[in-house]
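Undergrad: Below is my_file-v8.tsv; it holds TSV, C-alpha atoms and all ligand atoms.
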chain	number	residue	atom	x	y	z
X	239	MET	CA	4.28	0.69	8.39
X	240	VAL	CA	0.72	1.94	8.20
X	241	LEU	CA	0.96	5.72	7.81
X	242	GLU	CA	-1.78	8.05	8.98
X	243	TYR	CA	-2.39	11.32	7.14
X	244	HIS	CA	-5.06	13.98	7.57
X	245	LEU	CA	-4.94	17.29	5.70
X	246	ILE	CA	-2.49	17.85	2.82
X	247	THR	CA	-2.22	21.62	2.93
X	248	ASP	CA	-0.03	24.73	3.40
X	249	HIS	CA	1.47	23.99	6.82
X	250	ASN	CA	2.69	21.19	9.06
X	251	SER	CA	0.95	20.24	12.29
X	252	ASP	CA	-0.22	17.12	14.10
X	253	TYR	CA	-3.14	16.85	11.66
X	254	ALA	CA	-1.69	18.50	8.58
X	255	ARG	CA	1.16	17.81	6.17
X	256	GLU	CA	2.50	20.66	4.04
X	257	ARG	CA	2.33	19.82	0.32
X	258	GLY	CA	6.07	19.98	-0.34
X	259	GLN	CA	6.68	17.89	2.74
X	260	PHE	CA	4.14	15.32	1.56
X	261	ARG	CA	6.02	15.10	-1.74
X	262	LYS	CA	9.26	14.64	0.22
X	263	ASP	CA	7.62	11.81	2.18
X	264	LEU	CA	6.90	10.02	-1.09
X	265	GLU	CA	10.49	10.61	-2.30
X	266	LEU	CA	11.93	9.34	0.98
X	267	LEU	CA	9.83	6.19	1.01
X	268	TYR	CA	10.57	5.50	-2.63
X	269	SER	CA	14.32	5.94	-2.25
X	270	ARG	CA	14.38	3.68	0.83
X	271	GLY	CA	12.70	0.88	-1.13
X	272	TYR	CA	9.08	1.26	-0.01
X	273	ARG	CA	6.14	0.87	-2.37
X	274	PRO	CA	2.47	1.48	-1.51
X	275	VAL	CA	0.03	-1.39	-1.01
X	276	ASN	CA	-3.58	-1.50	0.09
X	277	MET	CA	-4.64	-2.98	3.39
X	278	THR	CA	-6.57	-5.59	1.40
X	279	ASP	CA	-3.25	-6.67	-0.19
X	280	VAL	CA	-1.86	-7.17	3.32
X	281	LEU	CA	-4.94	-9.13	4.44
X	282	ASP	CA	-4.87	-11.32	1.36
X	283	LYS	CA	-1.06	-11.67	1.43
X	284	LYS	CA	-0.94	-10.32	-2.12
X	285	LEU	CA	1.86	-7.83	-1.69
X	286	ASN	CA	3.53	-8.89	-4.96
X	287	LEU	CA	6.60	-6.71	-4.53
X	288	PRO	CA	9.86	-7.30	-6.39
X	289	ARG	CA	12.71	-8.72	-4.33
X	290	GLY	CA	14.25	-6.27	-1.87
X	291	LEU	CA	11.31	-3.88	-1.68
X	292	SER	CA	9.10	-3.20	1.33
X	293	PRO	CA	5.37	-2.45	1.58
X	294	VAL	CA	3.87	0.69	3.10
X	295	VAL	CA	0.16	1.34	3.67
X	296	PHE	CA	-0.95	4.97	3.35
X	297	VAL	CA	-4.17	5.82	5.18
X	298	PHE	CA	-5.85	9.19	4.63
X	299	ASP	CA	-8.48	10.04	7.24
X	300	ASP	CA	-11.49	12.37	7.18
X	301	ALA	CA	-12.26	12.83	3.43
X	302	SER	CA	-11.21	16.48	3.28
X	303	PRO	CA	-11.10	18.53	0.05
X	304	GLU	CA	-7.40	19.07	0.80
X	305	GLN	CA	-6.93	15.40	-0.07
X	306	PHE	CA	-9.03	15.38	-3.25
X	307	ARG	CA	-10.17	18.56	-4.96
X	308	TYR	CA	-11.55	19.11	-8.44
X	309	ILE	CA	-11.11	22.19	-10.59
X	310	ASP	CA	-13.92	22.95	-13.02
X	311	ASN	CA	-12.11	23.76	-16.28
X	312	ASN	CA	-14.91	24.98	-18.58
X	313	GLY	CA	-17.13	22.05	-17.71
X	314	THR	CA	-14.37	19.44	-17.47
X	315	LEU	CA	-13.52	18.32	-13.96
X	316	GLU	CA	-9.77	18.08	-13.41
X	317	ILE	CA	-7.97	16.90	-10.29
X	318	ASP	CA	-6.41	19.87	-8.53
X	319	PRO	CA	-2.63	19.32	-8.71
X	320	THR	CA	-2.24	20.96	-5.29
X	321	SER	CA	-4.53	18.44	-3.57
X	322	GLY	CA	-3.13	15.24	-2.05
X	323	ILE	CA	-4.28	13.08	-4.96
X	324	GLY	CA	-2.88	15.63	-7.43
X	325	ILE	CA	0.55	15.46	-5.78
X	326	TRP	CA	0.37	11.64	-5.68
X	327	LEU	CA	-0.45	11.40	-9.40
X	328	ASP	CA	2.33	13.84	-10.33
X	329	PHE	CA	4.83	11.78	-8.32
X	330	LYS	CA	3.64	8.64	-10.09
X	331	LYS	CA	4.44	10.17	-13.50
X	332	THR	CA	8.17	10.00	-12.76
X	333	HIS	CA	7.94	6.85	-10.59
X	334	PRO	CA	5.86	4.41	-12.66
X	335	ASP	CA	6.13	1.57	-10.14
X	336	TRP	CA	4.45	3.75	-7.52
X	337	ASN	CA	0.99	2.19	-7.70
X	338	ASN	CA	-2.32	3.85	-6.90
X	339	LYS	CA	-2.70	2.14	-3.57
X	340	ALA	CA	-3.78	3.94	-0.42
X	341	VAL	CA	-6.70	3.65	1.98
X	342	PHE	CA	-9.20	6.49	2.32
X	343	CYS	CA	-11.18	6.43	5.59
X	344	LEU	CA	-14.21	8.48	4.70
X	345	LEU	CA	-16.70	10.75	6.40
X	346	ASN	CA	-19.95	11.50	4.57
X	347	GLY	CA	-21.64	14.04	6.82
X	348	ALA	CA	-19.16	16.04	8.88
X	349	ASN	CA	-18.70	19.81	8.78
X	350	ALA	CA	-15.98	21.93	7.10
X	351	GLY	CA	-16.22	19.93	3.88
X	352	HIS	CA	-15.41	16.60	5.52
X	353	ASN	CA	-18.09	15.02	3.42
X	354	PHE	CA	-16.64	12.85	0.65
X	355	PHE	CA	-13.98	15.52	-0.07
X	356	GLY	CA	-15.94	18.75	0.01
X	357	ASP	CA	-19.50	19.97	-0.35
X	358	ARG	CA	-21.58	23.17	-0.50
X	359	GLY	CA	-18.90	25.20	-2.25
X	360	ILE	CA	-16.20	24.66	0.38
X	361	GLN	CA	-12.85	25.14	-1.41
X	362	GLY	CA	-14.86	25.40	-4.62
X	363	GLN	CA	-16.19	21.85	-4.29
X	364	LYS	CA	-19.74	21.11	-5.39
X	365	SER	CA	-21.87	18.68	-3.41
X	366	ASN	CA	-22.72	16.72	-6.55
X	367	TRP	CA	-19.03	15.94	-7.18
X	368	ARG	CA	-18.79	13.82	-4.04
X	369	PHE	CA	-19.84	10.39	-5.31
X	370	ARG	CA	-17.74	10.88	-8.43
X	371	LYS	CA	-14.62	11.36	-6.30
X	372	VAL	CA	-15.28	8.28	-4.17
X	373	LYS	CA	-15.93	6.22	-7.28
X	374	TRP	CA	-12.80	7.59	-8.96
X	375	LEU	CA	-10.73	6.36	-6.02
X	376	ALA	CA	-12.24	2.87	-6.14
X	377	ASP	CA	-11.95	2.69	-9.94
X	378	ASN	CA	-8.30	3.76	-9.86
X	379	GLY	CA	-6.96	1.23	-7.39
X	380	PHE	CA	-7.39	2.96	-4.05
X	381	GLU	CA	-9.21	1.41	-1.10
X	382	LEU	CA	-12.26	2.82	0.73
X	383	CYS	CA	-12.64	2.59	4.50
X	384	ASP	CA	-15.37	3.50	7.00
X	385	HIS	CA	-14.75	6.37	9.44
X	386	THR	CA	-18.38	7.05	10.62
X	387	VAL	CA	-20.78	9.73	9.34
X	388	TRP	CA	-19.46	12.76	11.23
X	389	HIS	CA	-16.44	11.55	13.19
X	390	ALA	CA	-18.44	10.48	16.22
X	391	GLN	CA	-16.45	9.74	19.35
X	392	LEU	CA	-17.70	6.20	19.62
X	393	ASN	CA	-16.95	5.82	23.34
X	394	LYS	CA	-19.65	8.39	24.13
X	395	PHE	CA	-22.61	6.76	22.44
X	396	SER	CA	-25.04	3.89	22.87
X	397	ASP	CA	-24.59	0.67	20.92
X	398	ALA	CA	-27.46	1.76	18.66
X	399	ILE	CA	-25.85	5.09	17.74
X	400	VAL	CA	-22.44	3.47	17.25
X	401	GLN	CA	-23.94	1.04	14.74
X	402	GLU	CA	-25.92	3.80	13.02
X	403	GLN	CA	-22.79	5.95	12.59
X	404	ILE	CA	-20.80	3.11	11.10
X	405	ALA	CA	-23.60	1.58	9.01
X	406	ARG	CA	-24.75	4.91	7.53
X	407	ASN	CA	-21.19	5.64	6.41
X	408	ALA	CA	-21.02	2.18	4.82
X	409	LEU	CA	-24.37	2.82	3.14
X	410	ALA	CA	-23.12	6.14	1.73
X	411	ILE	CA	-19.99	4.44	0.34
X	412	ASP	CA	-22.25	1.82	-1.24
X	413	SER	CA	-24.33	4.60	-2.80
X	414	ALA	CA	-21.19	6.04	-4.42
X	415	VAL	CA	-19.75	2.66	-5.42
X	416	PRO	CA	-22.58	0.10	-5.50
X	417	GLY	CA	-21.51	-3.29	-4.16
X	418	TYR	CA	-18.15	-2.08	-2.85
X	419	LYS	CA	-16.84	-4.46	-0.20
X	420	ILE	CA	-15.44	-2.41	2.70
X	421	ARG	CA	-12.79	-4.29	4.68
X	422	SER	CA	-11.63	-1.70	7.18
X	423	MET	CA	-12.73	1.09	9.48
X	424	ALA	CA	-10.78	3.74	11.37
X	425	LEU	CA	-11.81	4.71	14.89
X	426	PRO	CA	-12.37	8.49	15.10
X	427	GLN	CA	-9.64	9.77	17.45
X	428	GLY	CA	-8.79	6.15	18.18
X	429	LEU	CA	-11.73	5.88	20.58
X	430	TRP	CA	-13.26	2.42	20.84
X	431	PRO	CA	-17.00	2.02	21.40
X	432	LYS	CA	-17.93	0.66	24.83
X	433	ASN	CA	-18.85	-2.56	23.05
X	434	ARG	CA	-15.62	-2.99	21.09
X	435	ALA	CA	-16.97	-5.69	18.82
X	436	LEU	CA	-19.27	-3.11	17.17
X	437	ALA	CA	-16.26	-1.50	15.47
X	438	SER	CA	-16.00	-4.46	13.14
X	439	LYS	CA	-19.49	-5.96	13.07
X	440	GLY	CA	-23.00	-4.62	13.52
X	441	SER	CA	-26.24	-3.57	11.87
X	442	TRP	CA	-28.72	-0.71	11.73
X	443	MET	CA	-32.26	-0.48	10.40
X	444	ASN	CA	-32.69	2.38	7.95
X	445	PRO	CA	-36.00	3.98	8.98
X	446	LYS	CA	-36.48	5.47	5.49
X	447	THR	CA	-36.50	2.11	3.75
X	448	GLY	CA	-37.12	-0.32	6.60
X	449	LYS	CA	-34.06	-2.22	5.38
X	450	THR	CA	-31.32	-3.41	7.69
X	451	VAL	CA	-27.76	-2.42	6.82
X	452	SER	CA	-25.19	-4.85	8.17
X	453	TYR	CA	-21.44	-4.42	8.21
X	454	GLU	CA	-18.54	-6.72	8.99
X	455	TRP	CA	-14.82	-6.37	8.29
X	456	PRO	CA	-11.52	-7.60	9.70
X	457	VAL	CA	-9.55	-4.34	9.99
X	458	VAL	CA	-9.90	-1.67	12.66
X	459	PHE	CA	-7.30	1.11	12.46
X	460	GLU	CA	-6.12	2.70	15.68
X	461	VAL	CA	-4.47	6.15	15.68
X	462	ALA	CA	-1.00	5.21	16.89
X	463	GLY	CA	1.07	2.29	18.11
X	464	GLY	CA	4.05	1.91	15.77
X	465	PRO	CA	4.51	-0.52	12.89
X	466	MET	CA	2.11	-3.41	12.42
X	467	ARG	CA	3.11	-7.05	12.32
X	468	SER	CA	3.61	-8.79	9.02
X	469	PRO	CA	0.58	-10.79	7.85
X	470	TYR	CA	2.85	-13.86	8.02
X	471	ASP	CA	3.52	-13.27	11.72
X	472	PRO	CA	1.22	-15.32	14.00
X	473	ALA	CA	0.79	-12.15	16.11
X	474	PHE	CA	-0.72	-10.25	13.12
X	475	ASN	CA	-4.01	-8.85	14.41
X	476	PRO	CA	-5.83	-6.68	11.86
X	477	GLY	CA	-8.66	-6.09	14.34
X	478	MET	CA	-6.31	-3.72	16.18
X	479	THR	CA	-4.09	-2.30	13.45
X	480	PRO	CA	-1.62	0.24	14.81
X	481	ARG	CA	-0.64	3.24	12.72
X	482	ILE	CA	2.18	5.76	12.54
X	483	GLN	CA	1.07	9.40	12.69
X	484	VAL	CA	3.03	11.30	10.07
X	485	ILE	CA	4.41	14.14	12.17
X	486	GLY	CA	7.89	15.63	11.75
X	487	ASN	CA	10.44	12.98	10.81
X	488	ALA	CA	8.29	10.03	11.93
X	489	ILE	CA	8.71	8.15	8.64
X	490	GLY	CA	12.49	8.42	8.40
X	491	ALA	CA	12.92	7.59	12.08
X	492	MET	CA	10.73	4.50	11.77
X	493	ILE	CA	12.53	3.27	8.63
X	494	ASP	CA	15.86	3.58	10.49
X	495	LYS	CA	14.48	1.79	13.52
X	496	LEU	CA	13.05	-1.09	11.48
X	497	GLU	CA	16.29	-1.50	9.56
X	498	LYS	CA	18.44	-1.45	12.68
X	499	SER	CA	16.27	-3.95	14.51
X	500	GLY	CA	16.12	-6.25	11.50
X	501	ASN	CA	12.33	-6.21	11.68
X	502	ALA	CA	11.60	-4.55	8.35
X	503	TYR	CA	9.42	-6.55	5.95
X	504	ILE	CA	11.53	-7.07	2.84
X	505	SER	CA	10.09	-8.96	-0.10
X	506	ASP	CA	11.84	-12.08	-1.32
X	507	GLY	CA	10.33	-11.34	-4.69
X	508	ASN	CA	8.37	-14.53	-4.87
X	509	PRO	CA	4.73	-14.37	-3.84
X	510	ALA	CA	4.41	-18.17	-4.06
X	511	VAL	CA	6.86	-18.66	-1.21
X	512	VAL	CA	5.01	-17.43	1.84
X	513	ALA	CA	7.45	-18.47	4.54
X	514	LYS	CA	10.58	-20.44	5.14
X	515	PRO	CA	9.60	-24.11	5.25
X	516	PRO	CA	10.19	-25.92	8.53
X	517	ALA	CA	13.56	-27.68	8.78
X	518	GLY	CA	13.63	-31.01	7.02
X	519	THR	CA	11.01	-30.23	4.41
X	520	ALA	CA	11.71	-29.43	0.81
X	521	ALA	CA	11.60	-25.80	-0.19
X	522	VAL	CA	8.57	-24.79	-2.20
X	523	SER	CA	9.52	-23.76	-5.68
X	524	GLY	CA	8.27	-20.55	-7.18
X	525	ALA	CA	5.97	-22.30	-9.61
X	526	LYS	CA	2.31	-22.45	-8.75
X	527	LYS	CA	1.01	-25.93	-8.08
V	601	ZN	ZN	-10.50	11.10	11.69
Translate this file's structure into structure tokens.
TA:
Amino acid sequence: MVLEYHLITDHNSDYARERGQFRKDLELLYSRGYRPVNMTDVLDKKLNLPRGLSPVVFVFDDASPEQFRYIDNNGTLEIDPTSGIGIWLDFKKTHPDWNNKAVFCLLNGANAGHNFFGDRGIQGQKSNWRFRKVKWLADNGFELCDHTVWHAQLNKFSDAIVQEQIARNALAIDSAVPGYKIRSMALPQGLWPKNRALASKGSWMNPKTGKTVSYEWPVVFEVAGGPMRSPYDPAFNPGMTPRIQVIGNAIGAMIDKLEKSGNAYISDGNPAVVAKPPAGTAAVSGAKK
């Protein structure tokens, strides 16, 4: 399952999860044997989960302050315990094998504070805290993902604007975390550009510097579509990664469905064994060659 979250706030809606409900989502997943992984772990087949556990990819879209807020405590910046990251870290205290793994699909120039988690005093967030938050995420195990500058509906724009929107977001992420290798992007509202290939590869010339910014990655997140295929499945296609919108009981219902159908990914506990060997060949032992 690749879960799609937006705001973590005081009510539930299609684009908001109430804080207590978010905490319950973590409890539910944990108790049903799910542990968070990054999309890069899926791509690289480095899930490394103990036997019997299942991976889940959290994706948080739109870089809102509701996801990651600081409180200025006499000059010391502290993570607001009521923001999404605050709730995550508190959950982790009592669930130590809940790793800091989740994908943040960022905006760096949208309105209403959707600019690297809040700017210009929105929800008390200072503009100069933005890079620090993005870097904190990267430094603490989370994954960064491109989501355009201001959530442009990519189907409405020319190839040039599509590439500018995506490349400028990548450039901003690189400014916050120099050298960071982005491996995924999320389509705003799930809308593909007319030239679909530009979602995963393109370039734009920065007129300020005259330098060309190029981007290329394997993962494009869609907004819906159910669970994704395992990376060991020949039909695995990260270039069109479906997601599950976390609305109502979507998580519990999907866990039940996967279990009933026998299609849940359950770790055999041995990362060296990537698949059952074909009949007639010797099984690969757990030891690395
Ligand atoms: Zn979005």
Undergrad: Go through X:Gly362, X:Pro426, X:Gly322, X:Gly290 one by one, measure the shortest atom-to-atom distance of each to ligand ZN 601 (chain V) using all atoms listed in the file, and give the residue with the smallest value.
TA: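 When distances to ligand ZN 601 (chain V) are compared using all atoms listed in the file, the smallest one comes from X:Pro426.
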Undergrad: Here is a test: counting only C-alpha atoms and all ligand atoms, which residue of X:Pro445, X:Gly440, X:Gly428, X:Pro465 is nearest to ligand ZN 601 (chain V)?
TA: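 Of the candidates, the smallest distance to ligand ZN 601 (chain V) is held by X:Gly428.
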Undergrad: Work out how far atom CA of X:Phe354 is from atom CA of X:Asp282, in Å to one decimal.
TA: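 Computing the Euclidean distance for atom CA of X:Asp282 and atom CA of X:Phe354 yields 26.9 Å.
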Undergrad: Give as a ChimeraX atom specification the residues surrounding ligand ZN 601 (chain V) up to a distance of 9 Å, considering only C-alpha atoms and all ligand atoms.
TA: /X:244,298-301,343-345,385-386,389,424-428,461
Undergrad: When distances are computed from only C-alpha atoms, which of X:Ser321, X:Asn501, X:Asn338, X:Asn393 shows the smallest separation from X:Gly258?
TA: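 Using only C-alpha atoms, the shortest distance to X:Gly258 belongs to X:Ser321.
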Undergrad: Please identify all polymer residues within 12 Å of X:Val275, counting only C-alpha atoms, omitting same-chain residues fewer than 3 positions from it, and present them as a count of residues only.
TA: 31
Undergrad: Could you please give me, as a VMD selection string, the residues of protein, DNA or RNA lying at most 8 Å from (0.5, 6.4, 13.8) in the coordinate frame of the file, considering all atoms listed in the file?
TA: chain X and resid 240 to 242 460 to 464 480 to 484
Undergrad: Now that the selection is made, can you save its residues with C-alpha atoms as a PDB file, keeping the file's coordinate frame?
TA:
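Printed below is selection04.pdb as written:
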ATOM      1  CA  VAL X 240       0.720   1.940   8.200  1.00  0.00           C
ATOM      2  CA  LEU X 241       0.960   5.720   7.810  1.00  0.00           C
ATOM      3  CA  GLU X 242      -1.780   8.050   8.980  1.00  0.00           C
ATOM      4  CA  GLU X 460      -6.120   2.700  15.680  1.00  0.00           C
ATOM      5  CA  VAL X 461      -4.470   6.150  15.680  1.00  0.00           C
ATOM      6  CA  ALA X 462      -1.000   5.210  16.890  1.00  0.00           C
ATOM      7  CA  GLY X 463       1.070   2.290  18.110  1.00  0.00           C
ATOM      8  CA  GLY X 464       4.050   1.910  15.770  1.00  0.00           C
ATOM      9  CA  PRO X 480      -1.620   0.240  14.810  1.00  0.00           C
ATOM     10  CA  ARG X 481      -0.640   3.240  12.720  1.00  0.00           C
ATOM     11  CA  ILE X 482       2.180   5.760  12.540  1.00  0.00           C
ATOM     12  CA  GLN X 483       1.070   9.400  12.690  1.00  0.00           C
ATOM     13  CA  VAL X 484       3.030  11.300  10.070  1.00  0.00           C
TER      14      VAL X 484
END
Undergrad: Using all atoms listed in the file, pick whichever of X:Val451, X:Leu496, X:Ile325, X:Leu436 has the shortest atom-to-atom distance to X:Ser396.
TA: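 Closest residue, counting all atoms listed in the file: X:Leu436.
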